[in-house]
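Please read the structure below before turning to the comments.
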Amino acid sequence: MTDLRDAEPATEAQNTPAGTGGWGFETTAVQTGVARGLGQTVGIPIHQAAAFQFETLEQAQEEFQLNQGLSYARLQNPTVRALEERITALERGTATVALASGQAATFTAILSVCRAGDHVVSTGSLFGGSAGLLNNILPLMGVTATITENTPQAIEAAMQPQTRLVWAETIGNPAGDVPDLEAFAAIAHERGALLGIDNTWGGVGYLCRPLEHGADIVTHSLTKWAGGHGSVMGGSVTVGDRHDLTRNPIYTDGGESGLLSVRGEGALAWRQRWFGAHQLGMTLAPHNAFLLAQGLETLALRLGRESETALALATWLERHPRVGRVSYPGLPGSAHHALARRYLRGGFGAVLTFEVEDPAAFLARLRVLRIAPNLGDSRTLVVHPWTTTHGKMPEAARRAAGVSPHTIRMSVGLEDPQDLRADIEGALG
């Protein structure tokens, strides 16, 4: 089978080995976080504990002031820490906090840089849960959002004096559109804002590392390709080392006693852990962290294969007489193909959408593909976004996200591509 990691041109920076010791992605995914030494486990062990011991009052006092070690499992756990180290290495970041879900990660990322009176600019091609946060939850906290088109021009026009964050997805859900990451970063940074990217579809750095293209914050629903088998939930927030917080009052208020002065370069990562884990308790369970870390070890094998199958199916569906619009950034005719070639490596992702005349009849006839609202599973999953994942959004917002009443979203799994094609052919009637 063709190795899609070499199928598209990549820059020298993209081809540089990642991780500890200059390792490549696959080596980093299986080696990071695993201790060496006599009696050590070959793999990440599960530490099922609620609290950790101190020997002296002074040790406890120092830990509760600095939060750099282990004290209480809501804040940190050795199994979760090993997962965080692995994600940080794969994304080439500086710090990661792992949380209970992707939704928890998005919430934490946004409120790590926003407070009442602040503003977010986001592309309209979004996961339904993210759109719900921006439209329904954050306004309750005094944070407003402008949802706009996925272009630099639209993002720039939506910026306001109180904009603290520009938000986008590496590959839009479910439209398959790709943002111009470097242009978005330039717009945000010029105005003192940060760029946050939901890189779930980017496969924890396998297809894309947004931090290398100017992003400041990267989030994941680890439930998807990191877990890879539809068996566990989790989320993460990773930060790089180039973000500028000097124009954000959250970090500068208080002068020498302010967060930026006290925490320095680690201020953003510290606030994310303090907010998501310490204050809100959106803690990732150790067993979930163990399963997610194991999933990362085979992510490259799975996502590479799934991306190859997705491209083949999209090419076939685009020519099918009973299929309407097909959206997949790997198609040469896609309006987003040039940006996909620029920012993605090793494939164009494992998700595509296509339109059928009668979605209900199509879904009822399937025998291999399964109807389920998830992505990144080893099994191929389909869903009707108009009535499910995006069903509570206003019609205009649904269409802006690339959803129509005829849209089917498909997350391609590991089945034989010929079996998938035959099942779709039969379901088309």
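Every chain in the structure tokens has a letter given in the order shown (A, B, ...), and although residue numbers restart at 1 in each chain, ligands are simply numbered from 1 in the order shown.
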(message) Please list as a VMD selection string every residue within 6 Å of A:Val178, counting only C-alpha atoms and excluding residues in the same chain fewer than 4 positions away.
(response) chain A and resid 170 to 171 336
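Neighbouring residues of A:His243 at 12 Å or closer, counting only C-alpha atoms and skipping chain neighbours under 5 positions away, are Gly93, Thr94, Val113, Leu165, Ala185, Ala186, Ala188, His189, Glu190, Gly192, Ala193, Leu194, Leu195, Gly196, Leu211, Gly214, Ala215, Asp216, Ile217, Asn248, Leu260, Gly264, Glu265, Gly266, Ala267, Leu268 and Ala269 of chain A.
Residues with any atom within 7 Å of stretch 306-313 of chain A, counting only C-alpha atoms and excluding same-chain neighbours fewer than 6 positions away, are A:Leu4, A:Gly330, A:Gly347, A:Phe348, A:Gly349, A:Ala350, A:Val351, A:Val412, A:Gly413, A:Leu414, A:Pro417.
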Can you write just those residues out, all heavy atoms, as a PDB file, in the first residue's frame?
```pdb
ATOM      1  N   LEU A   4       1.375   7.311   2.301  1.00  0.00           N
ATOM      2  CA  LEU A   4       0.928   8.679   2.052  1.00  0.00           C
ATOM      3  C   LEU A   4       1.807   9.707   2.727  1.00  0.00           C
ATOM      4  O   LEU A   4       1.731  10.889   2.429  1.00  0.00           O
ATOM      5  CB  LEU A   4      -0.518   8.849   2.523  1.00  0.00           C
ATOM      6  CG  LEU A   4      -1.581   8.386   1.529  1.00  0.00           C
ATOM      7  CD1 LEU A   4      -2.948   8.606   2.121  1.00  0.00           C
ATOM      8  CD2 LEU A   4      -1.457   9.116   0.209  1.00  0.00           C
ATOM      9  N   GLY A 330      -8.466  16.551  -0.055  1.00  0.00           N
ATOM     10  CA  GLY A 330      -7.506  15.844  -0.889  1.00  0.00           C
ATOM     11  C   GLY A 330      -7.870  15.815  -2.355  1.00  0.00           C
ATOM     12  O   GLY A 330      -7.033  15.455  -3.195  1.00  0.00           O
ATOM     13  N   GLY A 347      -1.077  12.800   4.227  1.00  0.00           N
ATOM     14  CA  GLY A 347      -2.462  12.532   3.880  1.00  0.00           C
ATOM     15  C   GLY A 347      -3.344  13.727   4.138  1.00  0.00           C
ATOM     16  O   GLY A 347      -2.911  14.743   4.682  1.00  0.00           O
ATOM     17  N   PHE A 348      -4.604  13.591   3.739  1.00  0.00           N
ATOM     18  CA  PHE A 348      -5.549  14.698   3.839  1.00  0.00           C
ATOM     19  C   PHE A 348      -6.664  14.452   4.853  1.00  0.00           C
ATOM     20  O   PHE A 348      -7.683  15.129   4.834  1.00  0.00           O
ATOM     21  CB  PHE A 348      -6.163  14.968   2.451  1.00  0.00           C
ATOM     22  CG  PHE A 348      -5.154  15.388   1.421  1.00  0.00           C
ATOM     23  CD1 PHE A 348      -4.685  14.489   0.484  1.00  0.00           C
ATOM     24  CD2 PHE A 348      -4.653  16.687   1.410  1.00  0.00           C
ATOM     25  CE1 PHE A 348      -3.746  14.874  -0.466  1.00  0.00           C
ATOM     26  CE2 PHE A 348      -3.722  17.084   0.467  1.00  0.00           C
ATOM     27  CZ  PHE A 348      -3.259  16.172  -0.475  1.00  0.00           C
ATOM     28  N   GLY A 349      -6.476  13.479   5.717  1.00  0.00           N
ATOM     29  CA  GLY A 349      -7.475  13.219   6.742  1.00  0.00           C
ATOM     30  C   GLY A 349      -8.385  12.060   6.399  1.00  0.00           C
ATOM     31  O   GLY A 349      -8.424  11.578   5.264  1.00  0.00           O
ATOM     32  N   ALA A 350      -9.135  11.631   7.390  1.00  0.00           N
ATOM     33  CA  ALA A 350      -9.949  10.425   7.258  1.00  0.00           C
ATOM     34  C   ALA A 350     -11.443  10.712   7.196  1.00  0.00           C
ATOM     35  O   ALA A 350     -12.245   9.790   7.311  1.00  0.00           O
ATOM     36  CB  ALA A 350      -9.660   9.488   8.437  1.00  0.00           C
ATOM     37  N   VAL A 351     -11.823  11.981   7.019  1.00  0.00           N
ATOM     38  CA  VAL A 351     -13.241  12.345   7.027  1.00  0.00           C
ATOM     39  C   VAL A 351     -13.609  13.035   5.720  1.00  0.00           C
ATOM     40  O   VAL A 351     -12.864  13.884   5.223  1.00  0.00           O
ATOM     41  CB  VAL A 351     -13.573  13.273   8.207  1.00  0.00           C
ATOM     42  CG1 VAL A 351     -15.058  13.612   8.223  1.00  0.00           C
ATOM     43  CG2 VAL A 351     -13.170  12.621   9.530  1.00  0.00           C
ATOM     44  N   VAL A 412     -13.725   7.490   7.989  1.00  0.00           N
ATOM     45  CA  VAL A 412     -13.274   6.239   7.393  1.00  0.00           C
ATOM     46  C   VAL A 412     -12.435   5.441   8.386  1.00  0.00           C
ATOM     47  O   VAL A 412     -11.540   5.984   9.038  1.00  0.00           O
ATOM     48  CB  VAL A 412     -12.465   6.524   6.112  1.00  0.00           C
ATOM     49  CG1 VAL A 412     -11.927   5.226   5.509  1.00  0.00           C
ATOM     50  CG2 VAL A 412     -13.338   7.256   5.100  1.00  0.00           C
ATOM     51  N   GLY A 413     -12.726   4.158   8.461  1.00  0.00           N
ATOM     52  CA  GLY A 413     -12.016   3.274   9.372  1.00  0.00           C
ATOM     53  C   GLY A 413     -11.022   2.380   8.662  1.00  0.00           C
ATOM     54  O   GLY A 413     -10.472   2.735   7.614  1.00  0.00           O
ATOM     55  N   LEU A 414     -10.823   1.188   9.206  1.00  0.00           N
ATOM     56  CA  LEU A 414      -9.757   0.291   8.754  1.00  0.00           C
ATOM     57  C   LEU A 414     -10.260  -0.901   7.952  1.00  0.00           C
ATOM     58  O   LEU A 414      -9.489  -1.817   7.646  1.00  0.00           O
ATOM     59  CB  LEU A 414      -8.962  -0.215   9.962  1.00  0.00           C
ATOM     60  CG  LEU A 414      -8.221   0.856  10.760  1.00  0.00           C
ATOM     61  CD1 LEU A 414      -7.612   0.258  12.025  1.00  0.00           C
ATOM     62  CD2 LEU A 414      -7.136   1.508   9.916  1.00  0.00           C
ATOM     63  N   PRO A 417     -11.136  -1.447   1.785  1.00  0.00           N
ATOM     64  CA  PRO A 417     -11.772  -0.386   0.992  1.00  0.00           C
ATOM     65  C   PRO A 417     -12.819  -0.909   0.014  1.00  0.00           C
ATOM     66  O   PRO A 417     -13.826  -0.233  -0.236  1.00  0.00           O
ATOM     67  CB  PRO A 417     -10.585   0.258   0.257  1.00  0.00           C
ATOM     68  CG  PRO A 417      -9.413  -0.016   1.127  1.00  0.00           C
ATOM     69  CD  PRO A 417      -9.656  -1.365   1.716  1.00  0.00           C
TER      70      PRO A 417
END
```
(message) Just checking: using only C-alpha atoms, which residue out of A:Leu222, A:Pro286, A:Ala401, A:Leu375 ends up closest to A:Ile147?
(response)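 Under the stated criterion, the closest residue is A:Ala401.
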Backbone-only DSSP, strand (DSSP E) members of stretch 71-299 of chain A, as a JSON list (two decimals) with N, CA and C atoms, in the first residue's frame:
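Okay, this is what ended up in part.json:
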```json
[["chain", "number", "residue", "atom", "x", "y", "z"],
["A", 95, "ALA", "N", 4.09, 22.31, 26.80],
["A", 95, "ALA", "CA", 3.32, 21.78, 27.93],
["A", 95, "ALA", "C", 1.94, 21.39, 27.46],
["A", 96, "THR", "N", 1.38, 20.38, 28.12],
["A", 96, "THR", "CA", 0.03, 19.89, 27.80],
["A", 96, "THR", "C", -0.72, 19.63, 29.09],
["A", 97, "VAL", "N", -2.00, 19.93, 29.09],
["A", 97, "VAL", "CA", -2.88, 19.46, 30.15],
["A", 97, "VAL", "C", -3.92, 18.56, 29.50],
["A", 98, "ALA", "N", -4.06, 17.35, 30.03],
["A", 98, "ALA", "CA", -5.06, 16.40, 29.54],
["A", 98, "ALA", "C", -6.29, 16.48, 30.42],
["A", 99, "LEU", "N", -7.45, 16.47, 29.78],
["A", 99, "LEU", "CA", -8.72, 16.67, 30.49],
["A", 99, "LEU", "C", -9.73, 15.59, 30.09],
["A", 119, "HIS", "N", -13.53, 39.02, 23.64],
["A", 119, "HIS", "CA", -14.16, 38.66, 22.38],
["A", 119, "HIS", "C", -13.34, 37.59, 21.68],
["A", 120, "VAL", "N", -14.03, 36.67, 21.00],
["A", 120, "VAL", "CA", -13.40, 35.60, 20.22],
["A", 120, "VAL", "C", -13.87, 35.72, 18.78],
["A", 121, "VAL", "N", -12.96, 35.54, 17.83],
["A", 121, "VAL", "CA", -13.31, 35.43, 16.42],
["A", 121, "VAL", "C", -13.07, 33.99, 16.00],
["A", 122, "SER", "N", -14.07, 33.37, 15.41],
["A", 122, "SER", "CA", -13.97, 31.96, 15.03],
["A", 122, "SER", "C", -14.49, 31.74, 13.62],
["A", 123, "THR", "N", -13.90, 30.77, 12.94],
["A", 123, "THR", "CA", -14.45, 30.35, 11.66],
["A", 123, "THR", "C", -15.78, 29.64, 11.90],
["A", 144, "THR", "N", -18.05, 37.32, 24.29],
["A", 144, "THR", "CA", -18.79, 37.29, 23.04],
["A", 144, "THR", "C", -17.95, 36.68, 21.93],
["A", 145, "ALA", "N", -18.62, 36.26, 20.87],
["A", 145, "ALA", "CA", -17.92, 35.63, 19.75],
["A", 145, "ALA", "C", -18.53, 36.10, 18.43],
["A", 146, "THR", "N", -17.69, 36.24, 17.44],
["A", 146, "THR", "CA", -18.11, 36.50, 16.07],
["A", 146, "THR", "C", -17.74, 35.28, 15.24],
["A", 147, "ILE", "N", -18.73, 34.67, 14.62],
["A", 147, "ILE", "CA", -18.51, 33.49, 13.78],
["A", 147, "ILE", "C", -18.49, 33.97, 12.33],
["A", 148, "THR", "N", -17.43, 33.64, 11.60],
["A", 148, "THR", "CA", -17.28, 34.20, 10.26],
["A", 148, "THR", "C", -16.72, 33.16, 9.31],
["A", 163, "THR", "N", -10.70, 41.57, 21.19],
["A", 163, "THR", "CA", -10.49, 40.20, 20.71],
["A", 163, "THR", "C", -9.22, 39.63, 21.34],
["A", 164, "ARG", "N", -9.36, 38.52, 22.04],
["A", 164, "ARG", "CA", -8.22, 37.88, 22.69],
["A", 164, "ARG", "C", -7.81, 36.58, 22.00],
["A", 165, "LEU", "N", -8.71, 36.05, 21.16],
["A", 165, "LEU", "CA", -8.44, 34.73, 20.59],
["A", 165, "LEU", "C", -9.08, 34.61, 19.22],
["A", 166, "VAL", "N", -8.32, 34.06, 18.27],
["A", 166, "VAL", "CA", -8.85, 33.63, 16.98],
["A", 166, "VAL", "C", -8.89, 32.11, 17.02],
["A", 167, "TRP", "N", -10.01, 31.53, 16.61],
["A", 167, "TRP", "CA", -10.23, 30.09, 16.76],
["A", 167, "TRP", "C", -10.59, 29.45, 15.42],
["A", 168, "ALA", "N", -10.00, 28.31, 15.14],
["A", 168, "ALA", "CA", -10.30, 27.58, 13.90],
["A", 168, "ALA", "C", -9.98, 26.11, 14.10],
["A", 169, "GLU", "N", -10.37, 25.29, 13.14],
["A", 169, "GLU", "CA", -10.05, 23.87, 13.15],
["A", 169, "GLU", "C", -9.10, 23.56, 11.99],
["A", 194, "LEU", "N", -4.22, 35.69, 20.53],
["A", 194, "LEU", "CA", -3.59, 34.41, 20.27],
["A", 194, "LEU", "C", -4.39, 33.64, 19.24],
["A", 195, "LEU", "N", -3.74, 32.67, 18.60],
["A", 195, "LEU", "CA", -4.41, 31.77, 17.66],
["A", 195, "LEU", "C", -4.55, 30.40, 18.31],
["A", 196, "GLY", "N", -5.80, 29.95, 18.44],
["A", 196, "GLY", "CA", -6.08, 28.62, 18.96],
["A", 196, "GLY", "C", -6.61, 27.73, 17.84],
["A", 197, "ILE", "N", -6.09, 26.52, 17.74],
["A", 197, "ILE", "CA", -6.48, 25.59, 16.69],
["A", 197, "ILE", "C", -6.94, 24.27, 17.31],
["A", 198, "ASP", "N", -8.15, 23.86, 16.96],
["A", 198, "ASP", "CA", -8.61, 22.51, 17.28],
["A", 198, "ASP", "C", -8.00, 21.58, 16.24],
["A", 217, "ILE", "N", -2.06, 27.90, 20.76],
["A", 217, "ILE", "CA", -2.76, 26.89, 21.55],
["A", 217, "ILE", "C", -3.31, 25.84, 20.60],
["A", 218, "VAL", "N", -3.14, 24.57, 20.96],
["A", 218, "VAL", "CA", -3.67, 23.47, 20.16],
["A", 218, "VAL", "C", -4.50, 22.57, 21.07],
["A", 219, "THR", "N", -5.71, 22.25, 20.64],
["A", 219, "THR", "CA", -6.56, 21.35, 21.42],
["A", 219, "THR", "C", -6.86, 20.09, 20.63],
["A", 220, "HIS", "N", -7.28, 19.07, 21.37],
["A", 220, "HIS", "CA", -7.69, 17.80, 20.76],
["A", 220, "HIS", "C", -8.87, 17.21, 21.50],
["A", 221, "SER", "N", -9.75, 16.60, 20.74],
["A", 221, "SER", "CA", -10.62, 15.59, 21.31],
["A", 221, "SER", "C", -9.87, 14.28, 21.15],
["A", 235, "GLY", "N", -9.51, 14.74, 26.33],
["A", 235, "GLY", "CA", -9.16, 15.95, 25.58],
["A", 235, "GLY", "C", -7.84, 16.49, 26.06],
["A", 236, "SER", "N", -7.26, 17.41, 25.30],
["A", 236, "SER", "CA", -5.98, 17.99, 25.70],
["A", 236, "SER", "C", -5.82, 19.39, 25.16],
["A", 237, "VAL", "N", -5.00, 20.17, 25.87],
["A", 237, "VAL", "CA", -4.62, 21.52, 25.44],
["A", 237, "VAL", "C", -3.09, 21.58, 25.50],
["A", 238, "THR", "N", -2.48, 21.95, 24.38],
["A", 238, "THR", "CA", -1.03, 22.06, 24.30],
["A", 238, "THR", "C", -0.65, 23.48, 23.90],
["A", 239, "VAL", "N", 0.41, 24.00, 24.49],
["A", 239, "VAL", "CA", 0.89, 25.33, 24.15],
["A", 239, "VAL", "C", 2.33, 25.25, 23.66]]
```
(message) Please determine, counting only C-alpha atoms, which residue among A:Gly128, A:Gly117, A:Arg409, A:Ile137 has the shortest atom-to-atom distance to A:Gln160.
(response)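 That would be A:Gly117, the residue with the smallest distance to A:Gln160.
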(message) Need to verify the contact set: A:Gly227, 9 Å, only C-alpha atoms, exclusion of same-chain residues closer than 2 positions in sequence. Can you return it as a ChimeraX atom specification?
(response) /A:222-225,229-234,291-296,299,376-377
(message) Please report the interatomic distance between atom CA of A:Ala51 and atom CA of A:Leu70 in Å with one decimal.
(response)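 So the two atoms, atom CA of A:Ala51 and atom CA of A:Leu70, lie 8.0 Å apart.
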(message) One decimal, in Å: what's the spacing between atom CA of A:Ser378 and atom CA of A:Trp201?
(response)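 Answer for the atom CA of A:Ser378 to atom CA of A:Trp201 separation: 14.5 Å.
A straight line drawn from atom CA of A:Leu344 to atom CA of A:Leu303 is 12.7 Å long.
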(request) List the neighbours of A:Met141 out to 10 Å using only C-alpha atoms; skip same-chain residues closer than 4 positions along the sequence, and give me the result as number ranges by chain. (result) A: 111, 114-118, 136-137
Restricting it to N, CA, C and O atoms, dump the selection as a PDB file, in the first residue's frame.
```pdb
ATOM      1  N   LEU A 111     -11.094  29.972  27.783  1.00  0.00           N
ATOM      2  CA  LEU A 111     -11.127  30.771  29.005  1.00  0.00           C
ATOM      3  C   LEU A 111      -9.763  30.914  29.663  1.00  0.00           C
ATOM      4  O   LEU A 111      -9.634  31.590  30.674  1.00  0.00           O
ATOM      5  N   CYS A 114      -9.493  34.453  27.954  1.00  0.00           N
ATOM      6  CA  CYS A 114     -10.661  35.330  27.882  1.00  0.00           C
ATOM      7  C   CYS A 114     -11.355  35.436  29.233  1.00  0.00           C
ATOM      8  O   CYS A 114     -11.411  34.467  29.994  1.00  0.00           O
ATOM      9  N   ARG A 115     -11.909  36.627  29.499  1.00  0.00           N
ATOM     10  CA  ARG A 115     -12.751  36.848  30.661  1.00  0.00           C
ATOM     11  C   ARG A 115     -13.877  37.781  30.241  1.00  0.00           C
ATOM     12  O   ARG A 115     -13.948  38.210  29.081  1.00  0.00           O
ATOM     13  N   ALA A 116     -14.773  38.098  31.171  1.00  0.00           N
ATOM     14  CA  ALA A 116     -15.925  38.937  30.858  1.00  0.00           C
ATOM     15  C   ALA A 116     -15.483  40.221  30.157  1.00  0.00           C
ATOM     16  O   ALA A 116     -14.557  40.896  30.609  1.00  0.00           O
ATOM     17  N   GLY A 117     -16.151  40.518  29.047  1.00  0.00           N
ATOM     18  CA  GLY A 117     -15.814  41.696  28.260  1.00  0.00           C
ATOM     19  C   GLY A 117     -14.926  41.405  27.068  1.00  0.00           C
ATOM     20  O   GLY A 117     -14.744  42.269  26.199  1.00  0.00           O
ATOM     21  N   ASP A 118     -14.370  40.197  27.012  1.00  0.00           N
ATOM     22  CA  ASP A 118     -13.480  39.835  25.914  1.00  0.00           C
ATOM     23  C   ASP A 118     -14.256  39.234  24.745  1.00  0.00           C
ATOM     24  O   ASP A 118     -15.448  38.927  24.850  1.00  0.00           O
ATOM     25  N   ASN A 136     -23.673  29.839  23.075  1.00  0.00           N
ATOM     26  CA  ASN A 136     -24.626  29.665  24.171  1.00  0.00           C
ATOM     27  C   ASN A 136     -24.016  29.773  25.568  1.00  0.00           C
ATOM     28  O   ASN A 136     -24.657  30.298  26.487  1.00  0.00           O
ATOM     29  N   ILE A 137     -22.802  29.281  25.757  1.00  0.00           N
ATOM     30  CA  ILE A 137     -22.219  29.195  27.097  1.00  0.00           C
ATOM     31  C   ILE A 137     -21.346  30.399  27.422  1.00  0.00           C
ATOM     32  O   ILE A 137     -21.499  31.034  28.472  1.00  0.00           O
TER      33      ILE A 137
END
```
(message) Ranking A:Trp274, A:Tyr343, A:Asp177, A:Thr407 by minimum distance to A:Gln68 and counting only C-alpha atoms, which one comes first?
(response)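 Using only C-alpha atoms, the shortest distance to A:Gln68 belongs to A:Trp274.
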(request) Check the smallest atom-to-atom distance from each of A:Phe275, A:Tyr206, A:Phe184, A:Trp270 to A:Ile87 using only C-alpha atoms, then report the winner. (result)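 Of A:Phe275, A:Tyr206, A:Phe184, A:Trp270, the one nearest A:Ile87, counting only C-alpha atoms, is A:Tyr206.
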Do a neighbour search on A:Ala50 at 12 Å with only C-alpha atoms, toss out local chain neighbours closer than 4 positions, and write the hits as a short mmCIF file (atom, residue, chain, number, x, y, z; two decimals) with C-alpha atoms, in the first residue's frame.
```cif
data_model
loop_
_atom_site.label_atom_id
_atom_site.label_comp_id
_atom_site.auth_asym_id
_atom_site.auth_seq_id
_atom_site.Cartn_x
_atom_site.Cartn_y
_atom_site.Cartn_z
CA LEU A 70 2.20 15.38 42.69
CA SER A 71 -0.28 16.16 45.42
CA TYR A 72 -3.89 15.42 44.49
CA ALA A 73 -5.12 13.48 41.46
CA ARG A 74 -7.46 16.23 40.31
CA LEU A 75 -4.34 18.25 39.45
CA GLN A 76 -1.90 15.57 38.29
CA ASN A 77 -1.38 11.83 38.09
CA PRO A 78 1.70 9.91 36.82
CA THR A 283 -10.01 15.57 35.30
CA ALA A 285 -9.16 9.36 34.74
CA PRO A 286 -5.88 7.38 34.89
#
```
